[in-house]
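This is input_37.cif (mmCIF, C-alpha atoms).
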```
data_coords
#
loop_
_atom_site.label_atom_id
_atom_site.label_comp_id
_atom_site.auth_asym_id
_atom_site.auth_seq_id
_atom_site.Cartn_x
_atom_site.Cartn_y
_atom_site.Cartn_z
CA ALA A 1173 -9.29 -5.79 21.64
CA PRO A 1174 -7.27 -2.55 21.89
CA VAL A 1175 -6.26 -0.99 18.57
CA GLY A 1176 -3.16 -2.67 17.18
CA LEU A 1177 -3.53 -5.84 19.24
CA PRO A 1178 -4.90 -9.10 17.85
CA ALA A 1179 -8.31 -10.23 19.10
CA PRO A 1180 -8.05 -12.81 21.87
CA VAL A 1181 -8.28 -16.40 20.69
CA ILE A 1182 -11.30 -18.18 22.18
CA PRO A 1183 -10.45 -21.87 22.63
CA ASP A 1184 -12.65 -24.63 21.30
CA ILE A 1185 -14.82 -26.36 23.88
CA ALA A 1186 -14.86 -30.15 24.10
CA ILE A 1187 -17.71 -31.76 26.04
CA VAL A 1188 -16.53 -35.29 26.77
CA GLY A 1189 -17.96 -38.39 28.38
CA ALA A 1190 -21.69 -37.69 28.02
CA SER A 1191 -24.22 -40.07 26.51
CA LEU A 1192 -25.19 -38.29 23.28
CA TRP A 1193 -28.63 -38.39 21.64
CA ASP A 1194 -28.31 -36.25 18.53
CA GLY A 1195 -31.82 -36.53 17.10
CA THR A 1196 -30.67 -37.88 13.74
CA GLY A 1197 -32.14 -41.33 14.32
CA ARG A 1198 -28.91 -43.11 15.10
CA ALA A 1199 -28.43 -44.96 18.38
CA GLN A 1200 -27.34 -43.17 21.52
CA VAL A 1201 -23.56 -42.62 21.59
CA ALA A 1202 -21.91 -43.50 24.88
CA ASN A 1203 -18.82 -41.62 26.11
CA ALA A 1204 -19.28 -39.08 23.31
CA VAL A 1205 -17.27 -36.03 22.33
CA THR A 1206 -18.94 -32.80 21.22
CA LEU A 1207 -16.78 -29.96 19.90
CA VAL A 1208 -17.95 -26.34 19.98
CA ARG A 1209 -16.15 -23.57 18.10
CA GLY A 1210 -17.52 -20.08 18.66
CA ASP A 1211 -21.29 -20.37 18.19
CA ARG A 1212 -21.16 -23.59 16.16
CA ILE A 1213 -21.06 -27.30 17.00
CA ILE A 1214 -18.40 -28.62 14.65
CA CYS A 1215 -18.50 -32.29 15.63
CA ALA A 1216 -20.69 -34.55 17.77
CA GLY A 1217 -20.09 -38.27 17.98
CA SER A 1218 -17.78 -40.93 19.33
CA ALA A 1219 -14.27 -40.25 20.56
CA GLY A 1220 -13.00 -41.72 17.30
CA GLU A 1221 -15.14 -39.38 15.21
CA CYS A 1222 -14.38 -36.16 17.09
CA LEU A 1223 -10.77 -35.67 18.12
CA VAL A 1224 -10.23 -33.11 20.88
CA PRO A 1225 -7.99 -30.36 19.47
CA GLN A 1226 -4.95 -29.22 21.37
CA GLY A 1227 -5.67 -26.31 23.67
CA ALA A 1228 -9.42 -26.98 23.86
CA ARG A 1229 -11.26 -26.33 27.12
CA VAL A 1230 -12.50 -29.73 28.23
CA VAL A 1231 -15.83 -30.09 30.03
CA ASP A 1232 -16.21 -33.43 31.83
CA ALA A 1233 -19.80 -34.66 31.32
CA GLN A 1234 -19.39 -38.22 32.55
CA GLY A 1235 -22.69 -39.68 33.75
CA GLN A 1236 -24.77 -37.03 31.99
CA TYR A 1237 -26.81 -36.84 28.80
CA LEU A 1238 -26.39 -34.39 25.93
CA ILE A 1239 -29.25 -33.64 23.53
CA PRO A 1240 -29.95 -30.98 20.88
CA GLY A 1241 -31.48 -27.72 22.03
CA LEU A 1242 -35.23 -27.87 22.60
CA ILE A 1243 -37.76 -25.72 20.71
CA ASP A 1244 -40.74 -24.14 22.47
CA SER A 1245 -43.08 -23.30 19.62
CA HIS A 1246 -45.69 -21.35 21.62
CA VAL A 1247 -44.68 -18.68 24.11
CA HIS A 1248 -45.84 -15.14 24.92
CA LEU A 1249 -42.81 -13.21 26.16
CA ARG A 1250 -43.48 -9.49 26.23
CA PHE A 1251 -46.07 -7.76 28.42
CA ILE A 1252 -46.57 -4.20 29.60
CA ILE A 1253 -46.66 -4.06 33.41
CA ASP A 1254 -47.27 -0.81 35.27
CA GLY A 1255 -46.83 1.13 32.04
CA SER A 1256 -43.50 -0.31 30.94
CA ALA A 1257 -42.15 -3.51 29.41
CA SER A 1258 -41.43 -5.98 32.18
CA GLU A 1259 -37.80 -6.68 33.02
CA GLN A 1260 -38.95 -10.26 33.54
CA LEU A 1261 -38.19 -10.89 29.87
CA ALA A 1262 -34.46 -11.33 30.40
CA LEU A 1263 -35.06 -13.66 33.35
CA ASP A 1264 -37.60 -15.72 31.40
CA LEU A 1265 -35.19 -16.15 28.50
CA ARG A 1266 -32.33 -17.04 30.83
CA ASP A 1267 -34.51 -19.67 32.51
CA LEU A 1268 -35.45 -21.13 29.14
CA LEU A 1269 -31.76 -21.48 28.23
CA ALA A 1270 -31.04 -23.11 31.58
CA GLN A 1271 -33.73 -25.69 30.81
CA GLY A 1272 -32.19 -26.49 27.44
CA VAL A 1273 -34.59 -24.45 25.29
CA THR A 1274 -32.52 -22.79 22.56
CA THR A 1275 -35.30 -21.63 20.21
CA VAL A 1276 -38.73 -20.14 20.90
CA ARG A 1277 -41.59 -18.91 18.75
CA ASP A 1278 -43.59 -16.05 20.25
CA MET A 1279 -47.22 -16.38 19.14
CA GLY A 1280 -48.50 -12.95 20.13
CA THR A 1281 -46.60 -9.79 20.87
CA ASN A 1282 -45.13 -6.61 19.41
CA PRO A 1283 -42.54 -8.24 17.13
CA ALA A 1284 -40.37 -5.15 16.60
CA ALA A 1285 -40.18 -4.26 20.30
CA LEU A 1286 -39.64 -7.86 21.40
CA LEU A 1287 -36.85 -8.58 18.93
CA ALA A 1288 -35.07 -5.31 19.75
CA ARG A 1289 -35.09 -6.23 23.44
CA VAL A 1290 -33.84 -9.74 22.73
CA GLN A 1291 -30.97 -8.49 20.54
CA ALA A 1292 -29.76 -6.32 23.41
CA LEU A 1293 -29.41 -9.29 25.77
CA PRO A 1294 -26.01 -10.95 26.27
CA ALA A 1295 -27.50 -14.45 26.00
CA SER A 1296 -30.86 -15.69 24.84
CA PRO A 1297 -32.53 -18.49 22.92
CA ARG A 1298 -33.22 -17.72 19.27
CA VAL A 1299 -36.53 -15.84 19.26
CA TYR A 1300 -38.94 -15.82 16.32
CA ALA A 1301 -42.12 -13.74 16.46
CA MET A 1302 -45.48 -14.17 14.76
CA GLN A 1303 -47.69 -11.21 13.83
CA LEU A 1304 -51.25 -11.28 15.19
CA VAL A 1305 -54.05 -10.56 12.69
CA ALA A 1306 -57.78 -10.31 13.45
CA GLY A 1307 -61.01 -9.01 11.94
CA ARG A 1308 -62.69 -5.64 12.44
CA SER A 1309 -65.05 -6.56 15.29
CA PHE A 1310 -62.01 -7.67 17.30
CA PHE A 1311 -60.95 -4.01 17.37
CA PHE A 1312 -64.12 -1.94 17.54
CA GLY A 1313 -67.15 -1.85 19.80
CA GLY A 1314 -70.43 -0.03 19.52
CA MET A 1315 -71.75 2.01 22.45
CA ASN A 1316 -68.97 4.25 23.81
CA GLY A 1317 -66.39 1.86 22.44
CA PHE A 1318 -67.86 -1.20 24.12
CA ARG A 1319 -69.29 -4.21 22.34
CA VAL A 1320 -72.93 -4.80 23.23
CA THR A 1321 -73.52 -8.55 23.24
CA ARG A 1322 -76.73 -10.43 23.91
CA THR A 1323 -76.00 -13.64 25.78
CA ALA A 1324 -77.98 -16.30 27.61
CA ARG A 1325 -77.27 -14.26 30.75
CA GLY A 1326 -78.62 -11.03 29.26
CA VAL A 1327 -76.95 -8.03 27.63
CA VAL A 1328 -73.22 -7.79 28.30
CA PHE A 1329 -70.95 -4.81 27.59
CA ARG A 1330 -67.47 -5.92 26.59
CA GLN A 1331 -64.32 -4.06 25.73
CA PRO A 1332 -62.97 -5.00 22.29
CA PRO A 1333 -60.30 -7.70 22.82
CA ALA A 1334 -57.74 -5.77 20.78
CA LYS A 1335 -57.72 -3.00 23.37
CA THR A 1336 -56.66 -5.43 26.08
CA MET A 1337 -53.88 -6.69 23.82
CA GLN A 1338 -52.71 -3.14 23.18
CA TRP A 1339 -52.56 -2.46 26.92
CA MET A 1340 -50.26 -5.48 27.20
CA GLY A 1341 -48.01 -3.95 24.57
CA TRP A 1342 -49.06 -6.25 21.73
CA THR A 1343 -49.71 -4.93 18.22
CA PRO A 1344 -52.44 -6.90 16.40
CA ILE A 1345 -53.16 -5.87 12.81
CA MET A 1346 -56.75 -5.45 11.63
CA TYR A 1347 -57.79 -7.11 8.39
CA THR A 1348 -60.98 -6.76 6.37
CA ARG A 1349 -61.69 -7.85 2.80
CA ASP A 1350 -61.20 -4.32 1.45
CA ILE A 1351 -57.63 -4.18 2.81
CA ASP A 1352 -54.78 -5.36 0.58
CA PRO A 1353 -53.56 -8.61 2.20
CA ASP A 1354 -50.08 -8.02 0.81
CA SER A 1355 -49.92 -4.79 2.85
CA VAL A 1356 -50.57 -6.81 6.01
CA VAL A 1357 -47.73 -9.13 5.10
CA ARG A 1358 -45.40 -6.21 4.39
CA GLU A 1359 -46.26 -4.64 7.75
CA ALA A 1360 -45.54 -7.94 9.49
CA GLN A 1361 -42.22 -8.32 7.69
CA ALA A 1362 -41.22 -4.74 8.55
CA ALA A 1363 -41.83 -5.56 12.22
CA GLY A 1364 -39.52 -8.57 11.96
CA ALA A 1365 -42.25 -11.23 12.15
CA MET A 1366 -41.52 -14.60 10.58
CA GLY A 1367 -45.19 -15.41 9.94
CA LEU A 1368 -48.83 -14.56 10.62
CA LYS A 1369 -50.99 -15.80 13.47
CA LEU A 1370 -54.69 -15.50 12.65
CA TYR A 1371 -56.46 -14.76 15.91
CA ALA A 1372 -60.21 -14.18 15.58
CA GLN A 1373 -63.17 -12.71 13.70
CA LEU A 1374 -62.00 -13.73 10.23
CA ASP A 1375 -64.21 -15.40 7.63
CA SER A 1376 -63.05 -18.08 5.21
CA VAL A 1377 -62.47 -15.61 2.38
CA SER A 1378 -60.27 -13.44 4.60
CA VAL A 1379 -58.31 -16.49 5.76
CA ARG A 1380 -57.72 -17.56 2.16
CA GLN A 1381 -56.60 -14.07 1.14
CA LEU A 1382 -54.16 -13.76 4.05
CA VAL A 1383 -52.74 -17.25 3.58
CA SER A 1384 -52.18 -16.66 -0.14
CA ALA A 1385 -50.46 -13.32 0.46
CA ALA A 1386 -48.23 -14.74 3.20
CA HIS A 1387 -47.25 -17.75 1.13
CA ARG A 1388 -46.34 -15.52 -1.81
CA ALA A 1389 -43.89 -13.82 0.54
CA GLY A 1390 -42.55 -17.12 1.89
CA MET A 1391 -44.18 -16.70 5.31
CA PRO A 1392 -46.10 -19.40 7.20
CA VAL A 1393 -49.59 -18.84 8.63
CA TRP A 1394 -50.87 -20.37 11.85
CA GLY A 1395 -54.06 -19.59 13.67
CA HIS A 1396 -56.44 -20.39 16.47
CA ALA A 1397 -58.72 -23.34 15.92
CA TRP A 1398 -61.13 -21.70 15.11
CA VAL A 1399 -61.07 -17.97 14.08
CA GLN A 1400 -64.87 -17.57 14.01
CA PRO A 1401 -66.66 -17.38 11.68
CA ALA A 1402 -64.08 -19.45 9.75
CA SER A 1403 -63.84 -23.00 11.05
CA VAL A 1404 -60.63 -24.95 11.39
CA ARG A 1405 -61.70 -27.06 8.40
CA GLU A 1406 -61.99 -23.88 6.31
CA GLN A 1407 -58.62 -22.70 7.62
CA ALA A 1408 -57.01 -25.98 6.56
CA THR A 1409 -58.71 -25.87 3.16
CA ALA A 1410 -57.34 -22.35 2.68
CA GLY A 1411 -53.83 -23.72 3.09
CA GLN A 1412 -53.11 -22.50 6.62
CA ASP A 1413 -49.96 -24.19 7.89
CA GLY A 1414 -51.04 -25.06 11.42
CA VAL A 1415 -53.37 -24.42 14.33
CA VAL A 1416 -52.81 -23.66 18.01
CA HIS A 1417 -54.98 -24.43 21.03
CA ALA A 1418 -56.08 -27.57 19.28
CA ALA A 1419 -58.88 -28.14 21.81
CA GLY A 1420 -60.75 -25.73 19.54
CA LEU A 1421 -60.98 -28.55 16.99
CA ALA A 1422 -64.12 -29.45 18.93
CA GLY A 1423 -65.67 -26.43 17.24
CA GLU A 1424 -66.16 -28.66 14.20
CA LEU A 1425 -68.95 -30.36 16.15
CA PHE A 1426 -70.97 -27.13 16.21
CA SER A 1427 -72.78 -25.14 13.56
CA VAL A 1428 -71.63 -21.64 12.65
CA GLU A 1429 -74.57 -20.25 14.63
CA ASP A 1430 -73.75 -22.35 17.71
CA ARG A 1431 -70.12 -21.25 17.55
CA ASP A 1432 -71.32 -17.64 17.41
CA THR A 1433 -73.35 -18.25 20.55
CA LEU A 1434 -70.33 -19.73 22.33
CA VAL A 1435 -68.17 -16.76 21.33
CA ASN A 1436 -70.80 -14.22 22.36
CA ASP A 1437 -71.47 -15.95 25.68
CA GLY A 1438 -67.75 -16.12 26.44
CA ASP A 1439 -68.22 -19.84 26.98
CA LEU A 1440 -65.73 -21.36 24.56
CA GLN A 1441 -64.85 -24.04 27.13
CA ALA A 1442 -68.22 -25.63 26.42
CA ALA A 1443 -66.91 -26.62 23.02
CA THR A 1444 -64.12 -28.69 24.57
CA ALA A 1445 -66.14 -30.30 27.37
CA LEU A 1446 -67.84 -32.90 25.18
#
```

Would you mind writing the structure in this file as structure tokens?
Amino acid sequence: APVGLPAPVIPDIAIVGASLWDGTGRAQVANAVTLVRGDRIICAGSAGECLVPQGARVVDAQGQYLIPGLIDSHVHLRFIIDGSASEQLALDLRDLLAQGVTTVRDMGTNPAALLARVQALPASPRVYAMQLVAGRSFFFGGMNGFRVTRTARGVVFRQPPAKTMQWMGWTPIMYTRDIDPDSVVREAQAAGAMGLKLYAQLDSVSVRQLVSAAHRAGMPVWGHAWVQPASVREQATAGQDGVVHAAGLAGELFSVEDRDTLVNDGDLQAATAL
């Protein structure tokens, strides 16, 4: 508002007539009233519970259903395309809102860059970012930077996976046992991440060290099932909070050596085809 003039009063919004399912466990409420003030829902229930204030903007939702915002707990939002961050981000977030998704958790990205972009948008779901962490061999190759891998098909030269991530604009952190795990957590927190996502090439000791450090800082830890050489059983025993791509649970049917072969051959799907 111009200097000296009061800020304009934004009226309450009353959504009336919808069938309300509020997720609390109570029965569906027919012909409900939901009151919104600013960015808060101040009342949601029957017409007797939520009286429409004078001057409210009334939205007629007869014949429709009203539910809490949905949460998408596994998205990847930010990519580098043609050398710059894609403008698709704003469209993706707008589409998520239009579909009723009001909160998302990004499971692999550059947290600082993503969150800065989101904060600049006029409207967006709440976005929480996880910080990727992986072991040394995820980042470094041998011959001329390439990983030389012997597979059932012969010798294969592969680019370290971290390099592909970096080209996409993601910022994985390398962890080895001689690195202070608390420093990894501090780096993740400085980037705005809400937790760690363990990605690959981490042994059970490394998983335990990272989980302990994150939990000391009040951060959750999720990870792929598995993060070879650590198995998902070892991740769970270490106190990891959850796993993603749960088809990888089939890795528990294989020995450490067989899992190594699957990783080296690039044939992880074989583990889920049983």

Open item on the list: What's around A:Gly1280 at 7 Å? Count all atoms listed in the file, leave out sequence neighbours fewer than 2 positions away in its own chain, and write the answer as number ranges by chain.
Closed with: A: 1248, 1278, 1302-1304, 1342

Task: Selection dump of the PyMOL selection byres ((chain A and resi 1189-1191) around 8), as a VMD selection string - done: chain A and resid 1187 to 1188 1192 to 1193 1200 to 1205 1232 to 1238

Open item on the list: On this structure, the PyMOL selection byres ((chain A and resi 1350) around 12) would catch which residues? List them as number ranges by chain, sorted by chain and number.
Closed with: A: 1307-1308, 1346-1349, 1351-1356, 1377-1378, 1381

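Counting all atoms listed in the file and comparing A:Thr1336, A:Gln1400, A:Val1230, A:Val1305, the residue that lies closest to A:Tyr1371 is A:Val1305.
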
TODO: For A:Val1415, list every protein, DNA or RNA residue within 12 Å, evaluated using all atoms listed in the file, and leave out those in the same chain fewer than 3 positions away; present the list as a list in words.
DONE: Ser1245, His1246, Met1279, Leu1368, Lys1369, Leu1370, Tyr1371, Pro1392, Val1393, Trp1394, Gly1395, His1396, Ala1397, Trp1398, Val1399, Ser1403, Val1404, Arg1405, Glu1406, Gln1407, Ala1408, Gly1411, Gln1412, Ala1418, Ala1419, Gly1420 and Leu1421 of chain A

- [ ] Counting all atoms listed in the file, figure out which residue out of A:Ser1218, A:Gln1331, A:Thr1196, A:Thr1343 gets nearest to A:Ile1239.
- [x]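 When distances to A:Ile1239 are compared using all atoms listed in the file, the smallest one comes from A:Thr1196.
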
TODO: Mind checking which residues fall within 12 Å of A:Leu1261, counting all atoms listed in the file, ignoring those fewer than 4 positions away in the same chain, and posting them as a PyMOL selection string?
DONE: chain A and resi 1247-1253+1256-1257+1265-1268+1285-1290+1292-1293+1295-1297+1299

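The space separating atom CA of A:Ala1372 from atom CA of A:Phe1310 comes to 7.0 Å.
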
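Minimum distance to A:Ala1284 across A:Gly1364, A:Thr1409, A:Glu1424, A:Ile1213 (counting only C-alpha atoms) occurs at A:Gly1364.
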
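Our summary of the geometry notes that atom CA of A:Arg1209 is positioned 12.2 Å from atom CA of A:Gly1227.
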
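The gap separating atom CA of A:Thr1206 from atom CA of A:Ala1270 is 18.6 Å, in Å to one decimal.
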